[in-house]
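Peer 1: To start, I am sharing the structure in question, which I have written as structure tokens.
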Amino acid sequence: MRSLSVGLLGFGLAGSVFHAPLILSEPRLQLKAVASSRVDDIRRSAPGAEATTVEAVIADPSIDLVVIATPNTSHAPLAREALLAGKHVVIDKPMATTAAEADELIALSERQGRLLTVFQNRRWDNDFLTLRACLEKGEVGRPYHYEAHFDRFRPQIKQGWREQTLAGSGVLFDLGAHLIDQALTLFGMPDRILADVGVQRPDAQVDDWFHIVLGYGPMRAILHCGTVVCRPGPRFQLHGDRGSFLKHGMDGQEAALRAGRMPTEADWGLDDPENHALLIQADGIECRVETLRGDYPAFYRGVAAAILDGAPLPVTAEQARDVLTVLEAVRKAAGLPA
């Protein structure tokens with residue numbers, strides 16, 4: 001079986017919790033090297049991979065695919081270096097800190113004849129997959145109101161670049177990139193945007209709350225994030241002229257990865273039956289909708305198929321660029337500097 005040699009840049013939260021386990025779970029990918037000083041962690045979590053430097057990974061002629069899981073400000077520069085070195089590239093979301101940077105990377109990948117994609121893993125959350133299937137089957141009829149929340153209870157400021165005043169920091173670029181990508185996947189680009197982005201926690205340096213309204217003709221898509229929410233409400237709501245879809249609870253794949261579990265386990269991606277969605281039809285009949293299995297491994301399975309078999313990419317660079325275009329429009333609508 002043909003396989004690809006992979007070099008991973010960064011072994012913080014994104015690299016160690018998300019990318020490394022998913023790469024290791026894909027039979028057609030071989031994690032050869034990790035650029036990080038966390039040598040002991042790499043030996044423990046990815047014993048077949050060499051701990052090395054960014055420069056060594058990018059210069060290694062045997063590496064086919066470079067995965068960038070570093071702070072947001074470094075995404076575009078590192079992707080540029082990897083593409084110029086003739087590598088296929090995966091970038092952790094967001095693709096860059098501006099849509100202009102994303103366009104430059106897209107043009108460069110085309111000139112180099114290399115594939116460029118972005119890790120938008122929450123397209124494969126079990127709740128989002130279930131909602132998307134219900135929408136496509138017409139369970140709620142014509143949709144008029146979509147609402148997606150990413151609420152958490154984190155009143156204390158955590159250390160790290162995500163809480164510092166850097167380009168691409170704050171929850172808008174972190175969690176907003178997920179919610180926007182999901183909305184664009186379902187409905188495409190909006191025709192108008194309203195937004196409020198705020199800082200609520202004492203001593204917070206960057207945004208920790210947002211409320212976005214995307215307009216699609218008569219339909220509205222509401223995307224919301226709060227950081228001081230002790231008991232979140234529905235994760236998803238979808239209301240249409242035939243009924244409503246309500247879903248509580250968070251997909252458990254991130255928690256499983258943080259706990260050291262692997263996607264090869266038999267119960268991977270399953271939901272607690274207590275969190276199965278409620279479908280309310282216009283005639284008042286209610287029923288539970290069994291949650292589809294979450295499938296984060298689908299991303300790297302798709303990357304391998306795209307490079308080795310010529311299959312479509314699981315996430316196109318243009319789609320990731322559109323997320324940045326909306327993020328910039330949200331900041332403008334909220335009165336924030338460009």
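Letters A, B, ... go to the chains of the structure tokens in the order shown; residues in each chain start at 1; ligands are counted from 1 in the same order.
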Report as an MDAnalysis selection string: the residues of region 70-297 of chain A with a DSSP assignment of alpha helix (DSSP H), based on the backbone of this structure.

Peer 2: chainID A and resid 75:84 99:112 126:136 171:187 253:258 297

Peer 1: For region 44-126 of chain A versus region 267-282 of chain A, which residues have an atom no more than 10 Å away, and what is each residue's nearest atom pair and distance in Å rounded to one decimal, using only C-alpha atoms, chain-then-number order, as a Markdown table?

Peer 2:
| residue | atom | partner | partner_atom | distance |
| --- | --- | --- | --- | --- |
| A:Trp124 | CA | A:Gly269 | CA | 9.3 |
| A:Asp125 | CA | A:Gly269 | CA | 8.0 |
| A:Asn126 | CA | A:Gly269 | CA | 6.6 |

Peer 1: Go ahead and save the residues from that selection, with all heavy atoms, as a PDB file, in the first residue's frame.

Peer 2:
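Just written: selection-v4.pdb:
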ATOM      1  N   TRP A 124     -16.700  17.400  11.075  1.00  0.00           N
ATOM      2  CA  TRP A 124     -16.936  15.983  11.375  1.00  0.00           C
ATOM      3  C   TRP A 124     -17.329  15.764  12.832  1.00  0.00           C
ATOM      4  O   TRP A 124     -17.213  14.669  13.345  1.00  0.00           O
ATOM      5  CB  TRP A 124     -15.702  15.177  10.982  1.00  0.00           C
ATOM      6  CG  TRP A 124     -15.521  15.162   9.500  1.00  0.00           C
ATOM      7  CD1 TRP A 124     -16.123  14.319   8.595  1.00  0.00           C
ATOM      8  CD2 TRP A 124     -14.696  16.041   8.721  1.00  0.00           C
ATOM      9  NE1 TRP A 124     -15.730  14.622   7.315  1.00  0.00           N
ATOM     10  CE2 TRP A 124     -14.847  15.687   7.358  1.00  0.00           C
ATOM     11  CE3 TRP A 124     -13.851  17.106   9.036  1.00  0.00           C
ATOM     12  CZ2 TRP A 124     -14.183  16.352   6.327  1.00  0.00           C
ATOM     13  CZ3 TRP A 124     -13.196  17.763   8.021  1.00  0.00           C
ATOM     14  CH2 TRP A 124     -13.357  17.385   6.682  1.00  0.00           C
ATOM     15  N   ASP A 125     -17.797  16.829  13.522  1.00  0.00           N
ATOM     16  CA  ASP A 125     -18.440  16.650  14.827  1.00  0.00           C
ATOM     17  C   ASP A 125     -19.702  15.822  14.644  1.00  0.00           C
ATOM     18  O   ASP A 125     -20.429  15.991  13.636  1.00  0.00           O
ATOM     19  CB  ASP A 125     -18.825  18.002  15.423  1.00  0.00           C
ATOM     20  CG  ASP A 125     -17.679  18.677  16.154  1.00  0.00           C
ATOM     21  OD1 ASP A 125     -16.586  18.104  16.223  1.00  0.00           O
ATOM     22  OD2 ASP A 125     -17.896  19.798  16.657  1.00  0.00           O
ATOM     23  N   ASN A 126     -20.013  14.973  15.619  1.00  0.00           N
ATOM     24  CA  ASN A 126     -21.195  14.128  15.457  1.00  0.00           C
ATOM     25  C   ASN A 126     -22.491  14.925  15.415  1.00  0.00           C
ATOM     26  O   ASN A 126     -23.418  14.588  14.666  1.00  0.00           O
ATOM     27  CB  ASN A 126     -21.247  13.045  16.547  1.00  0.00           C
ATOM     28  CG  ASN A 126     -21.207  13.582  17.957  1.00  0.00           C
ATOM     29  OD1 ASN A 126     -21.524  14.729  18.239  1.00  0.00           O
ATOM     30  ND2 ASN A 126     -20.802  12.724  18.894  1.00  0.00           N
TER      31      ASN A 126
END

Peer 1: Using 6 Å as the limit and counting only C-alpha atoms, can you tabulate each residue of region 46-142 of chain A that touches region 315-323 of chain A, with its shortest atom-to-atom distance in Å and the two atoms involved, as CSV?

Peer 2:
residue,atom,partner,partner_atom,distance
A:Ala99,CA,A:Arg321,CA,5.7
A:Ala102,CA,A:Arg321,CA,5.6
A:Thr117,CA,A:Ala317,CA,5.1

Peer 1: Would you please work out which residue, of A:Thr264, A:Thr325, A:Ser62, A:Thr185, is nearest to Glu26 (chain A) when using only C-alpha atoms?

Peer 2: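 Closest to Glu26 (chain A) of all the choices is A:Thr264.
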
Peer 1: Please determine, counting only C-alpha atoms, which residue among A:Leu336, A:Ala59, A:Leu179, A:Gly310 has the shortest atom-to-atom distance to Arg114 (chain A).

Peer 2: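 Ranking A:Leu336, A:Ala59, A:Leu179, A:Gly310 by distance to Arg114 (chain A), first place goes to A:Gly310.
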
Peer 1: Nearest to Arg28 (chain A): which of A:Val140, A:Leu65, A:Ala46, A:Leu8 is it, counting only C-alpha atoms?

Peer 2: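 For Arg28 (chain A), the nearest of the given residues is A:Leu65.
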
Peer 1: Can you pull out every residue within 9 Å of Val67 (chain A), counting only C-alpha atoms, but drop anything in the same chain fewer than 4 positions away, and send it as a list in words?

Peer 2: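 Listed by chain and then number, they are Val6, Gly7, Leu8, Leu9, Gly10, Gly15, His19, Ala79, His88, Val89, Val90, Ile91 and Asp92 of chain A.
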
Peer 1: Store the residues picked out above in a file with N, CA and C atoms, as an mmCIF file, in the first residue's frame.

Peer 2:
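This is the output file result_3.cif:
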data_model
loop_
_atom_site.group_PDB
_atom_site.id
_atom_site.type_symbol
_atom_site.label_atom_id
_atom_site.label_comp_id
_atom_site.auth_asym_id
_atom_site.auth_seq_id
_atom_site.Cartn_x
_atom_site.Cartn_y
_atom_site.Cartn_z
ATOM 1 N N VAL A 6 5.099 12.111 6.598
ATOM 2 C CA VAL A 6 4.546 13.354 7.133
ATOM 3 C C VAL A 6 5.508 13.977 8.131
ATOM 4 N N GLY A 7 5.650 15.292 8.041
ATOM 5 C CA GLY A 7 6.373 16.071 9.032
ATOM 6 C C GLY A 7 5.414 17.023 9.716
ATOM 7 N N LEU A 8 5.399 17.019 11.040
ATOM 8 C CA LEU A 8 4.480 17.846 11.835
ATOM 9 C C LEU A 8 5.253 18.979 12.485
ATOM 10 N N LEU A 9 4.795 20.212 12.257
ATOM 11 C CA LEU A 9 5.428 21.382 12.855
ATOM 12 C C LEU A 9 4.606 21.814 14.064
ATOM 13 N N GLY A 10 5.173 21.633 15.247
ATOM 14 C CA GLY A 10 4.504 22.019 16.477
ATOM 15 C C GLY A 10 3.921 20.824 17.210
ATOM 16 N N GLY A 15 -0.936 20.168 17.835
ATOM 17 C CA GLY A 15 -0.088 19.114 17.289
ATOM 18 C C GLY A 15 -0.173 17.806 18.034
ATOM 19 N N HIS A 19 -3.526 16.559 15.775
ATOM 20 C CA HIS A 19 -2.910 16.105 14.528
ATOM 21 C C HIS A 19 -2.150 14.791 14.666
ATOM 22 N N ALA A 79 3.719 27.893 5.843
ATOM 23 C CA ALA A 79 3.109 27.262 4.675
ATOM 24 C C ALA A 79 3.820 27.694 3.400
ATOM 25 N N HIS A 88 3.330 19.067 -0.051
ATOM 26 C CA HIS A 88 1.909 19.270 0.177
ATOM 27 C C HIS A 88 1.762 19.799 1.590
ATOM 28 N N VAL A 89 0.692 20.581 1.845
ATOM 29 C CA VAL A 89 0.599 21.271 3.133
ATOM 30 C C VAL A 89 -0.806 21.171 3.725
ATOM 31 N N VAL A 90 -0.839 20.846 5.018
ATOM 32 C CA VAL A 90 -2.041 20.965 5.851
ATOM 33 C C VAL A 90 -1.762 22.063 6.873
ATOM 34 N N ILE A 91 -2.688 23.023 6.999
ATOM 35 C CA ILE A 91 -2.559 24.079 7.997
ATOM 36 C C ILE A 91 -3.694 23.930 9.000
ATOM 37 N N ASP A 92 -3.377 24.005 10.275
ATOM 38 C CA ASP A 92 -4.437 24.062 11.268
ATOM 39 C C ASP A 92 -5.212 25.365 11.080
#

Peer 1: Have a look at CA of Trp209 (chain A) and CA of Gly233 (chain A) and let me know their distance in Å, one decimal.

Peer 2: 15.6 Å

Peer 1: Using CA of Lys87 (chain A) and CA of Ile63 (chain A) as the two end points, give the distance in Å to one decimal.

Peer 2: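 Between CA of Lys87 (chain A) and CA of Ile63 (chain A) the gap is 7.4 Å.
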